[in-house]
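J.: The structure under discussion is supplied below as structure tokens; questions concerning it will follow.
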Amino acid sequence: MDRWQAYRFIFLMGLVSLLSDFTYEGGRSVLGPYLALLYASPFIIGFLSGFSEFVGYTLRLLFGYLSDRLRRPWLFVFLGYFINLFSIPAMALVPSWHYVGFLMVLERLGKALRTPARDALLSRATEKVGHGKGFGVHEFLDQMGALMGPTFVALVLYITESYRSALASLVVPSLLALTVLALSQRQYWEEVSKPSRTDGELNKRGLVFYLAFSFLLGLSFVPFTLSSYHAKLELGFGDSSIPLLFAFAMLVDGIFALIFGYLFDRFGFKAMALGVLFTVPYPYFLFSGGQTLFLVGVFLWAVQLGIQESVVRSAIAKFSSFQKRGTAYGMFHFFFGVSLFLGGTSLGFLYQTSKEALILFSIFSQTISLLFLLKAQPLRR
């Protein structure tokens with residue numbers, strides 16, 4: 001695979017992610033208010049957000065291992081995208097929040113099936129262009145979909161005043177995403193090379209420290225469903241403005257994914273640490289003031305999300321050879337998912353009892369995570 005073949009594959013898979021994020025981020029942008037409309041409590045919203053992520057992330061350990069073992073990554077990619085994409089429009093048909101919760105879990109299950117195999121395939125291409133830049137480009141395209149999807153949902157919601165109509169309309173980008181995915185597979189070119197001396201290896205010690213870092217980062221991360229609940233019920237944001245807020249966050253996410261992807265390829269883990277340090281205070285801005293401070297918090301939250309979805313994810317390739325990369329990504333997503341479940345549930349509980357405690361818990365976890373990041377050493381090649 002030469003440099004231009006690599007960029008072409010990254011672009012096509014980024015286009016798949018653009019259409020996919022159009023679908024499920026468009027849907028997820030209104031899940032907080034939609035669940036509230038169906039009489040779900042803040043604790044239930046936090047629990048469902050955390051539990052669905054827990055299921056989606058923990059099963060990636062199994063699916064990443066099976067992808068490596070069976071050597072059928074495209075099977076996992078196609079099946080995962082199908083389940084992932086069509087769970088969102090199905091939410092338009094449900095009678096209560098219990099069914100929405102089930103579909104939230106099913107949607108994350110689909111993502112669990114596809115993500116380790118997809119990231120392993122992407123990592124082979126990004127070796128040719130730089131892991132940070134390659135995953136940054138992919139994340140930028142991904143977040144353009146996350147920008148367009150919530151904007152589209154906000155428009156449909158404004159016109160129809162119906163959450164069900166907004167969710168049902170997302171079936172079209174779901175179909176388009178699967179079409180482009182088929183084209184991506186046709187363009188994929190497996191590089192033919194002799195195994196290097198690191199083939200089949202994992203840097204276990206470095207990966208353990210890195211997993212501890214990502215675990216604490218996930219534990220601290222405030223789900224948007226909880227933020228949007230706060231925005232609607234405590235700060236007075238209108239229904240159609242909330243998906244626009246999410247769209248703004250996705251734009252910021254995509255831009256900073258590119259920036260930190262470039263910085264990561266130049267400065268390594270120092271760039272990642274600087275990014276996390278910059279975004280540490282976002283929970284204070286989200287939950288301690290009015291609408292203006294909330295917007296600052298959304299901006300910083302989105303910057304950290306961009307770092308998580310690009311360089312935090314791409315760095316796993318530095319701890320493993322390609323033959324073990326599905327397993328390595330599965331391990332990363334497993335522990336990150338456990339942390340998101342525990343964090344989402346804990347933050348939902350703390351929101352009901354003490355917003356000050358929520359802020360301190362999140363900031364403390366982010367700060368401690370940096371100590372483990374400084375200990376992580378990549379695989380020597």
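Order determines the names: the first chain of the structure tokens is A, the second B, and so forth; residues in each chain are numbered 1 upward, and ligands are numbered 1 upward as they are shown.
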Can you tell me, as a ChimeraX atom specification, what residues are no more than 9 Å from Ile44 (chain A) when counting only C-alpha atoms, ignoring any on the same chain fewer than 6 positions away?

T.: /A:35,345,348

J.: How about saving the chosen residues, N, CA and C atoms kept, as a CSV table (one decimal), in the first residue's frame?

T.:
```csv
chain,number,residue,atom,x,y,z
A,35,LEU,N,-35.6,11.0,26.0
A,35,LEU,CA,-35.8,10.1,27.1
A,35,LEU,C,-36.6,10.9,28.2
A,345,THR,N,-22.7,6.4,35.1
A,345,THR,CA,-23.7,6.1,36.2
A,345,THR,C,-23.3,6.9,37.5
A,348,GLY,N,-24.3,10.6,36.8
A,348,GLY,CA,-25.7,10.8,36.9
A,348,GLY,C,-26.2,10.8,38.3
```

J.: Return as a tab-separated table the residues of region 35-153 of chain A lying at most 8 Å from region 235-243 of chain A, together with the closest atom-to-atom pair for each and the distance in Å to one decimal, counting only C-alpha atoms, with rows in chain order and ascending residue number.

T.:
```
residue	atom	partner	partner_atom	distance
A:Pro150	CA	A:Pro243	CA	4.9
A:Thr151	CA	A:Pro243	CA	6.4
A:Val153	CA	A:Pro243	CA	7.1
```

J.: Nearest residue to Lys204 (chain A) out of A:Val180, A:Leu219, A:Leu170, A:Ala376, using only C-alpha atoms?

T.: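 Among the listed residues, A:Ala376 lies closest to Lys204 (chain A).
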
J.: So that I can see what lies close to Ala273 (chain A), please list as a ChimeraX atom specification the residues with an atom at most 9 Å from it, counting only C-alpha atoms and leaving out residues fewer than 6 positions away in the same chain.

T.: /A:370,373-374

J.: Could you work out how far CA of Ser41 (chain A) lies from CA of Gln352 (chain A), giving the answer in Å with one decimal?

T.: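 CA of Gln352 (chain A) sits 9.8 Å away from CA of Ser41 (chain A).
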
J.: Using CA of Leu93 (chain A) and CA of Ser165 (chain A) as the two end points, give the distance in Å to one decimal.

T.: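 CA of Leu93 (chain A) sits 9.6 Å away from CA of Ser165 (chain A).
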
J.: Can you tell me which residues surround region 250-257 of chain A at a distance of at most 10 Å, considering only C-alpha atoms, apart from same-chain residues fewer than 3 positions away, and format the answer as a ChimeraX atom specification?

T.: /A:21,25,132-133,135-150,244-247,260-263,275,298-311
